[in-house]
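Chemist: Here you go, this is model.cif (mmCIF, C-alpha atoms).
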```cif
data_entry
loop_
_atom_site.group_PDB
_atom_site.id
_atom_site.type_symbol
_atom_site.label_atom_id
_atom_site.label_comp_id
_atom_site.auth_asym_id
_atom_site.auth_seq_id
_atom_site.Cartn_x
_atom_site.Cartn_y
_atom_site.Cartn_z
ATOM 1 C CA MET L 614 63.344 -135.625 153.665
ATOM 2 C CA SER L 615 65.442 -132.486 153.155
ATOM 3 C CA LYS L 616 65.831 -129.722 155.697
ATOM 4 C CA LEU L 617 64.098 -127.346 153.283
ATOM 5 C CA ILE L 618 60.879 -129.361 153.065
ATOM 6 C CA ILE L 619 60.905 -129.829 156.850
ATOM 7 C CA ARG L 620 61.140 -126.052 157.306
ATOM 8 C CA GLN L 621 58.341 -125.563 154.785
ATOM 9 C CA LEU L 622 56.062 -128.079 156.486
ATOM 10 C CA ILE L 623 56.686 -126.548 159.910
ATOM 11 C CA ALA L 624 55.900 -123.114 158.462
ATOM 12 C CA GLU L 625 52.672 -124.369 156.869
ATOM 13 C CA PHE L 626 51.569 -126.102 160.057
ATOM 14 C CA THR L 627 52.351 -123.074 162.208
ATOM 15 C CA GLY L 628 50.691 -120.592 159.867
ATOM 16 C CA THR L 629 47.562 -122.688 159.406
ATOM 17 C CA PHE L 630 47.260 -123.272 163.145
ATOM 18 C CA ILE L 631 47.582 -119.567 163.935
ATOM 19 C CA LEU L 632 45.128 -118.487 161.227
ATOM 20 C CA ALA L 633 42.525 -121.106 162.152
ATOM 21 C CA SER L 634 42.793 -120.378 165.882
ATOM 22 C CA VAL L 635 42.474 -116.629 165.378
ATOM 23 C CA ILE L 636 39.470 -116.977 163.059
ATOM 24 C CA LEU L 637 37.678 -119.396 165.384
ATOM 25 C CA ASN L 638 38.172 -117.115 168.361
ATOM 26 C CA SER L 639 36.953 -114.106 166.391
ATOM 27 C CA MET L 640 33.845 -116.018 165.298
ATOM 28 C CA SER L 641 32.950 -116.861 168.872
ATOM 29 C CA GLY L 642 33.484 -113.288 170.066
ATOM 30 C CA PRO L 643 30.916 -110.517 170.534
ATOM 31 C CA ALA L 644 32.067 -108.597 167.440
ATOM 32 C CA PHE L 645 31.276 -111.466 165.058
ATOM 33 C CA PRO L 646 30.585 -111.305 162.138
ATOM 34 C CA ILE L 647 31.797 -107.758 161.529
ATOM 35 C CA ALA L 648 35.324 -108.182 162.890
ATOM 36 C CA THR L 649 36.125 -111.607 161.410
ATOM 37 C CA PRO L 650 36.959 -110.557 157.809
ATOM 38 C CA VAL L 651 39.219 -107.788 159.104
ATOM 39 C CA ILE L 652 40.954 -110.040 161.629
ATOM 40 C CA ALA L 653 41.406 -112.830 159.068
ATOM 41 C CA GLY L 654 42.821 -110.443 156.472
ATOM 42 C CA LEU L 655 45.238 -108.789 158.888
ATOM 43 C CA THR L 656 46.403 -112.129 160.294
ATOM 44 C CA LEU L 657 47.070 -113.523 156.828
ATOM 45 C CA THR L 658 48.883 -110.325 155.834
ATOM 46 C CA LEU L 659 51.262 -110.688 158.775
ATOM 47 C CA LEU L 660 51.787 -114.407 158.174
ATOM 48 C CA VAL L 661 52.666 -113.818 154.509
ATOM 49 C CA TYR L 662 55.490 -111.519 155.604
ATOM 50 C CA LEU L 663 56.645 -113.912 158.326
ATOM 51 C CA LEU L 664 56.402 -117.226 156.460
ATOM 52 C CA GLY L 665 56.126 -116.369 152.771
ATOM 53 C CA GLY L 666 59.855 -116.626 152.215
ATOM 54 C CA ILE L 667 59.904 -120.150 153.658
ATOM 55 C CA SER L 668 56.886 -121.987 152.258
ATOM 56 C CA GLY L 669 54.951 -119.403 150.287
ATOM 57 C CA CYS L 670 52.518 -119.174 153.220
ATOM 58 C CA GLN L 671 49.741 -121.064 151.467
ATOM 59 C CA ILE L 672 48.192 -122.205 154.807
ATOM 60 C CA ASN L 673 44.930 -123.196 153.110
ATOM 61 C CA PRO L 674 44.258 -126.571 151.432
ATOM 62 C CA ALA L 675 42.128 -124.841 148.793
ATOM 63 C CA ILE L 676 44.944 -122.463 147.850
ATOM 64 C CA THR L 677 47.455 -125.315 147.767
ATOM 65 C CA PHE L 678 45.110 -127.423 145.632
ATOM 66 C CA GLY L 679 44.601 -124.577 143.170
ATOM 67 C CA LEU L 680 48.341 -123.969 142.914
ATOM 68 C CA MET L 681 48.868 -127.683 142.324
ATOM 69 C CA VAL L 682 46.242 -127.839 139.560
ATOM 70 C CA THR L 683 47.731 -124.764 137.875
ATOM 71 C CA ARG L 684 51.215 -126.297 138.193
ATOM 72 C CA LYS L 685 52.683 -123.652 140.454
ATOM 73 C CA THR L 686 53.252 -126.130 143.295
ATOM 74 C CA PRO L 687 54.530 -129.679 142.585
ATOM 75 C CA PHE L 688 52.147 -132.535 143.416
ATOM 76 C CA LYS L 689 54.443 -134.045 146.066
ATOM 77 C CA THR L 690 54.938 -130.713 147.826
ATOM 78 C CA ALA L 691 51.232 -129.882 147.631
ATOM 79 C CA SER L 692 50.271 -133.259 149.088
ATOM 80 C CA CYS L 693 52.595 -132.742 152.056
ATOM 81 C CA TYR L 694 51.328 -129.188 152.542
ATOM 82 C CA ILE L 695 47.683 -130.285 152.584
ATOM 83 C CA LEU L 696 48.415 -133.039 155.108
ATOM 84 C CA VAL L 697 50.064 -130.662 157.575
ATOM 85 C CA GLN L 698 47.380 -128.011 156.991
ATOM 86 C CA VAL L 699 44.673 -130.531 157.887
ATOM 87 C CA ALA L 700 46.696 -131.601 160.934
ATOM 88 C CA ALA L 701 46.982 -127.954 161.949
ATOM 89 C CA GLY L 702 43.206 -127.569 161.616
ATOM 90 C CA VAL L 703 42.645 -130.520 163.949
ATOM 91 C CA THR L 704 45.198 -129.120 166.403
ATOM 92 C CA ALA L 705 43.520 -125.706 166.303
ATOM 93 C CA PHE L 706 40.181 -127.334 167.114
ATOM 94 C CA LEU L 707 41.696 -129.095 170.138
ATOM 95 C CA PHE L 708 43.433 -125.925 171.276
ATOM 96 C CA VAL L 709 40.416 -123.642 170.956
ATOM 97 C CA SER L 710 38.092 -126.228 172.536
ATOM 98 C CA ALA L 711 40.437 -126.665 175.492
ATOM 99 C CA TYR L 712 40.135 -122.966 176.279
ATOM 100 C CA GLY L 713 36.363 -122.915 176.211
ATOM 101 C CA SER L 714 35.653 -121.441 172.778
ATOM 102 C CA ASP L 715 32.951 -123.149 170.717
ATOM 103 C CA GLY L 716 34.107 -121.496 167.490
ATOM 104 C CA LEU L 717 31.857 -122.377 164.584
ATOM 105 C CA GLN L 718 29.769 -124.924 166.463
ATOM 106 C CA ASN L 719 27.398 -122.310 167.893
ATOM 107 C CA ILE L 720 27.005 -120.502 164.567
ATOM 108 C CA ASN L 721 24.024 -121.231 162.353
ATOM 109 C CA LEU L 722 25.893 -122.314 159.237
ATOM 110 C CA ASP L 723 24.008 -122.856 156.006
ATOM 111 C CA TYR L 724 24.319 -126.269 154.340
ATOM 112 C CA THR L 725 22.372 -125.535 151.154
ATOM 113 C CA LEU L 726 23.109 -124.689 147.540
ATOM 114 C CA SER L 727 23.573 -121.040 148.465
ATOM 115 C CA SER L 728 26.411 -121.919 150.848
ATOM 116 C CA SER L 729 28.201 -123.841 148.110
ATOM 117 C CA ILE L 730 27.854 -120.876 145.758
ATOM 118 C CA GLY L 731 29.156 -118.553 148.460
ATOM 119 C CA GLU L 732 32.211 -120.702 149.143
ATOM 120 C CA ILE L 733 32.963 -121.115 145.435
ATOM 121 C CA VAL L 734 32.575 -117.443 144.499
ATOM 122 C CA GLY L 735 34.346 -116.083 147.584
ATOM 123 C CA MET L 736 37.180 -118.559 147.210
ATOM 124 C CA ALA L 737 37.403 -117.841 143.482
ATOM 125 C CA PHE L 738 38.132 -114.197 144.251
ATOM 126 C CA PHE L 739 40.663 -115.123 146.925
ATOM 127 C CA GLY L 740 42.345 -117.627 144.598
ATOM 128 C CA PHE L 741 42.336 -115.039 141.819
ATOM 129 C CA GLY L 742 44.082 -112.589 144.128
ATOM 130 C CA VAL L 743 46.756 -115.076 145.202
ATOM 131 C CA ALA L 744 47.456 -116.201 141.631
ATOM 132 C CA SER L 745 47.559 -112.599 140.400
ATOM 133 C CA VAL L 746 50.178 -111.736 143.013
ATOM 134 C CA LEU L 747 52.306 -114.599 141.684
ATOM 135 C CA ASN L 748 51.615 -113.851 138.017
ATOM 136 C CA SER L 749 52.273 -110.126 138.268
ATOM 137 C CA GLY L 750 55.555 -110.488 140.113
ATOM 138 C CA ILE L 751 54.424 -107.918 142.659
ATOM 139 C CA SER L 752 57.069 -106.863 145.175
ATOM 140 C CA ARG L 753 57.418 -108.748 148.442
ATOM 141 C CA GLU L 754 56.600 -105.533 150.287
ATOM 142 C CA LEU L 755 53.127 -105.455 148.725
ATOM 143 C CA SER L 756 52.456 -109.188 148.495
ATOM 144 C CA GLY L 757 51.194 -109.573 152.055
ATOM 145 C CA ILE L 758 48.796 -106.645 151.750
ATOM 146 C CA SER L 759 47.489 -107.918 148.408
ATOM 147 C CA VAL L 760 46.903 -111.462 149.658
ATOM 148 C CA GLY L 761 45.367 -110.273 152.932
ATOM 149 C CA MET L 762 43.002 -107.912 151.102
ATOM 150 C CA SER L 763 42.032 -110.713 148.714
ATOM 151 C CA LEU L 764 40.988 -112.875 151.659
ATOM 152 C CA PHE L 765 39.125 -109.959 153.253
ATOM 153 C CA ILE L 766 37.122 -109.260 150.087
ATOM 154 C CA GLY L 767 36.570 -112.981 149.444
ATOM 155 C CA ILE L 768 35.026 -113.381 152.901
ATOM 156 C CA ILE L 769 32.842 -110.307 152.352
ATOM 157 C CA ILE L 770 31.620 -111.738 149.032
ATOM 158 C CA ALA L 771 30.843 -115.151 150.512
ATOM 159 C CA HIS L 772 29.596 -114.018 153.892
ATOM 160 C CA HIS L 773 25.952 -113.471 153.010
ATOM 161 C CA TYR L 774 25.654 -117.008 151.659
ATOM 162 C CA SER L 775 28.041 -119.224 153.606
ATOM 163 C CA MET L 776 29.630 -117.232 156.457
ATOM 164 C CA GLY L 777 32.773 -117.060 154.324
ATOM 165 C CA VAL L 778 34.862 -119.847 155.838
ATOM 166 C CA LEU L 779 36.936 -120.179 152.624
ATOM 167 C CA ASN L 780 39.428 -122.578 154.154
ATOM 168 C CA PRO L 781 38.924 -126.336 154.670
ATOM 169 C CA ALA L 782 41.457 -126.288 157.514
ATOM 170 C CA VAL L 783 39.374 -123.653 159.317
ATOM 171 C CA ALA L 784 36.259 -125.740 158.649
ATOM 172 C CA ILE L 785 37.968 -128.755 160.214
ATOM 173 C CA ALA L 786 39.078 -126.631 163.153
ATOM 174 C CA GLY L 787 35.444 -125.590 163.546
ATOM 175 C CA HIS L 788 34.321 -129.228 163.395
ATOM 176 C CA ILE L 789 32.447 -128.716 160.120
ATOM 177 C CA TRP L 790 32.366 -131.878 158.024
ATOM 178 C CA SER L 791 30.259 -130.701 155.095
ATOM 179 C CA ILE L 792 31.410 -130.874 151.470
ATOM 180 C CA PHE L 793 30.169 -127.295 151.094
ATOM 181 C CA TYR L 794 33.012 -126.105 153.321
ATOM 182 C CA LEU L 795 35.593 -128.837 152.659
ATOM 183 C CA LEU L 796 35.452 -129.425 148.893
ATOM 184 C CA PHE L 797 33.746 -126.454 147.246
ATOM 185 C CA PRO L 798 36.533 -124.016 148.232
ATOM 186 C CA LEU L 799 38.911 -126.210 146.206
ATOM 187 C CA ILE L 800 36.720 -125.680 143.149
ATOM 188 C CA GLY L 801 36.515 -121.937 143.715
ATOM 189 C CA SER L 802 40.246 -121.564 144.225
ATOM 190 C CA THR L 803 41.021 -123.462 141.028
ATOM 191 C CA ILE L 804 38.551 -121.383 139.006
ATOM 192 C CA GLY L 805 39.979 -118.113 140.304
ATOM 193 C CA MET L 806 43.564 -119.143 139.611
ATOM 194 C CA LEU L 807 42.748 -120.371 136.107
ATOM 195 C CA VAL L 808 41.084 -117.036 135.323
ATOM 196 C CA SER L 809 44.136 -115.143 136.593
ATOM 197 C CA ASN L 810 46.509 -117.335 134.599
ATOM 198 C CA THR L 811 44.435 -116.819 131.456
ATOM 199 C CA ILE L 812 44.426 -113.027 131.867
ATOM 200 C CA PHE L 813 48.182 -112.822 132.354
ATOM 201 C CA GLN L 814 48.905 -115.276 129.537
ATOM 202 C CA LEU L 815 46.838 -113.158 127.138
ATOM 203 C CA GLU L 816 48.692 -110.067 128.322
ATOM 204 C CA ARG L 817 52.042 -111.644 127.444
ATOM 205 C CA GLU L 818 50.973 -112.715 123.942
#
```
Reformat the file's structure so that it appears as structure tokens.

Modeler:
Amino acid sequence: MSKLIIRQLIAEFTGTFILASVILNSMSGPAFPIATPVIAGLTLTLLVYLLGGISGCQINPAITFGLMVTRKTPFKTASCYILVQVAAGVTAFLFVSAYGSDGLQNINLDYTLSSSIGEIVGMAFFGFGVASVLNSGISRELSGISVGMSLFIGIIIAHHYSMGVLNPAVAIAGHIWSIFYLLFPLIGSTIGMLVSNTIFQLERE
């Protein structure tokens, strides 16, 4: 294994762990649910600037899956990323639990069709935003803001239906083992990225 991939995997693990831990703590705080989208968006914005140059700062299995399906991340790299992201989610759960936060376990999460729609639609917007940043060639100075705002709006869109988890690693960190929060974000991310790719391909023709 090359030094580059090791650096990338460490970056993905670190970023996913930080994001999941911050979101879980915000969800168990008194300002939930109002503060969580803002905190999640700002945290991701910072992490994109800190880690984007190393691994792309995907730090979300749904984003990595969508980038793999749309051939922007090689299968081998994506598989390694997803493994360390899941490991980071488990580590975040252990860390947050050790310090007395219940995270998502005390929140009345919906496990119905509406939650699946919320995760798909919210994640589709987030995936669309991430893919559009890549497709447009936006400057590095604006990339973090664009990605962070995409997550913020995606959570707002999904929040009424599913609490807007939008990240299987965060779901794992919150001890949520439902396909609505583990698998449906992968579908949403792929849809959003395919739409973005189609728009930019038509623009170039």

Chemist: Within 10 Å of Thr629 (chain L), counting all atoms listed in the file, which residues show up once you throw out same-chain ones fewer than 5 positions away? Write them as a PyMOL selection string, please.

Modeler: chain L and resi 623-624+634-635+657+660+670-674+697-702+704-705+780+782-783

Chemist: Which polymer residues have any atom within 12 Å of an atom of Ala744 (chain L), counting all atoms listed in the file, with same-chain residues fewer than 4 positions away left out, as a VMD selection string?

Modeler: chain L and resid 669 671 676 to 677 679 to 686 736 to 740 748 to 751 756 759 to 760 763 802 to 813

Chemist: Tell me which residues the PyMOL selection byres ((chain L and resi 651) around 12) grabs here, as a PDB file with C-alpha atoms, keeping the file's coordinate frame.

Modeler:
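Saved file expr.pdb follows:
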```
ATOM      1  CA  VAL L 635      42.474-116.629 165.378  1.00  0.00           C
ATOM      2  CA  ILE L 636      39.470-116.977 163.059  1.00  0.00           C
ATOM      3  CA  SER L 639      36.953-114.106 166.391  1.00  0.00           C
ATOM      4  CA  MET L 640      33.845-116.018 165.298  1.00  0.00           C
ATOM      5  CA  ALA L 644      32.067-108.597 167.440  1.00  0.00           C
ATOM      6  CA  PHE L 645      31.276-111.466 165.058  1.00  0.00           C
ATOM      7  CA  PRO L 646      30.585-111.305 162.138  1.00  0.00           C
ATOM      8  CA  ILE L 647      31.797-107.758 161.529  1.00  0.00           C
ATOM      9  CA  ALA L 648      35.324-108.182 162.890  1.00  0.00           C
ATOM     10  CA  THR L 649      36.125-111.607 161.410  1.00  0.00           C
ATOM     11  CA  PRO L 650      36.959-110.557 157.809  1.00  0.00           C
ATOM     12  CA  ILE L 652      40.954-110.040 161.629  1.00  0.00           C
ATOM     13  CA  ALA L 653      41.406-112.830 159.068  1.00  0.00           C
ATOM     14  CA  GLY L 654      42.821-110.443 156.472  1.00  0.00           C
ATOM     15  CA  LEU L 655      45.238-108.789 158.888  1.00  0.00           C
ATOM     16  CA  THR L 656      46.403-112.129 160.294  1.00  0.00           C
ATOM     17  CA  LEU L 657      47.070-113.523 156.828  1.00  0.00           C
ATOM     18  CA  THR L 658      48.883-110.325 155.834  1.00  0.00           C
ATOM     19  CA  GLY L 761      45.367-110.273 152.932  1.00  0.00           C
ATOM     20  CA  MET L 762      43.002-107.912 151.102  1.00  0.00           C
ATOM     21  CA  SER L 763      42.032-110.713 148.714  1.00  0.00           C
ATOM     22  CA  LEU L 764      40.988-112.875 151.659  1.00  0.00           C
ATOM     23  CA  PHE L 765      39.125-109.959 153.253  1.00  0.00           C
ATOM     24  CA  ILE L 766      37.122-109.260 150.087  1.00  0.00           C
ATOM     25  CA  GLY L 767      36.570-112.981 149.444  1.00  0.00           C
ATOM     26  CA  ILE L 768      35.026-113.381 152.901  1.00  0.00           C
ATOM     27  CA  ILE L 769      32.842-110.307 152.352  1.00  0.00           C
TER      28      ILE L 769
END
```

Chemist: Pick from L:Ser615, L:Ser692, L:Ser727, L:Asn638: nearest to Ser710 (chain L), with only C-alpha atoms counted?

Modeler: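 Distance minimum relative to Ser710 (chain L) lands on L:Asn638.
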
Chemist: Can you tell me which residues surround region 791-800 of chain L at a distance of at most 6 Å, considering all atoms listed in the file, apart from same-chain residues fewer than 3 positions away, and format the answer as a list in words?

Modeler: Ala675, Ser729, Glu732, Ile733, Met736, Leu779, Pro781 and Thr803 of chain L

Chemist: Quick one: write out the picked residues with C-alpha atoms as an mmCIF file, in the coordinates of the input?

Modeler:
```
data_model
loop_
_atom_site.group_PDB
_atom_site.id
_atom_site.type_symbol
_atom_site.label_atom_id
_atom_site.label_comp_id
_atom_site.auth_asym_id
_atom_site.auth_seq_id
_atom_site.Cartn_x
_atom_site.Cartn_y
_atom_site.Cartn_z
ATOM 1 C CA ALA L 675 42.128 -124.841 148.793
ATOM 2 C CA SER L 729 28.201 -123.841 148.110
ATOM 3 C CA GLU L 732 32.211 -120.702 149.143
ATOM 4 C CA ILE L 733 32.963 -121.115 145.435
ATOM 5 C CA MET L 736 37.180 -118.559 147.210
ATOM 6 C CA LEU L 779 36.936 -120.179 152.624
ATOM 7 C CA PRO L 781 38.924 -126.336 154.670
ATOM 8 C CA THR L 803 41.021 -123.462 141.028
#
```

Chemist: Would you compute the box with edges along x, y and z of the file around region 740-747 of chain L, including every atom the file lists for it and 4 Å extra on each side, and give its centre and edge lengths in Å to one decimal, as JSON?

Modeler:
```
{"center_x": 47.3, "center_y": -114.7, "center_z": 142.8, "size_x": 18.0, "size_y": 13.9, "size_z": 12.8}
```

Chemist: With distances taken over only C-alpha atoms, which of L:Ile770, L:Leu747, L:Ile789, L:Leu755 is nearest to Gly735 (chain L)?

Modeler: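 Counting only C-alpha atoms, the residue closest to Gly735 (chain L) is L:Ile770.
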
Chemist: Skip Ile618 (chain L) itself and residues of its chain fewer than 6 positions away, then list as a PDB file with C-alpha atoms, in the coordinates of the input all residues within 10 Å of it, counting only C-alpha atoms.

Modeler:
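Now in result_26.pdb:
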```pdb
ATOM      1  CA  ALA L 624      55.900-123.114 158.462  1.00  0.00           C
ATOM      2  CA  ILE L 667      59.904-120.150 153.658  1.00  0.00           C
ATOM      3  CA  SER L 668      56.886-121.987 152.258  1.00  0.00           C
ATOM      4  CA  THR L 690      54.938-130.713 147.826  1.00  0.00           C
ATOM      5  CA  CYS L 693      52.595-132.742 152.056  1.00  0.00           C
ATOM      6  CA  TYR L 694      51.328-129.188 152.542  1.00  0.00           C
TER       7      TYR L 694
END
```

Chemist: To one decimal in Å, tell me the separation between CA of Tyr662 (chain L) and CA of Ala784 (chain L).

Modeler: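 About the pair CA of Tyr662 (chain L) and CA of Ala784 (chain L): they are 24.1 Å apart.
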
Chemist: Can you tell me how far CA of Ile730 (chain L) sits from CA of Gly742 (chain L), in Å to one decimal?

Modeler: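 Calculated distance between CA of Ile730 (chain L) and CA of Gly742 (chain L) is 18.3 Å.
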
Chemist: Can you tell me how far CA of Ser728 (chain L) sits from CA of Tyr774 (chain L), in Å to one decimal?

Modeler: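 Here the two named atoms are 5.0 Å from each other.
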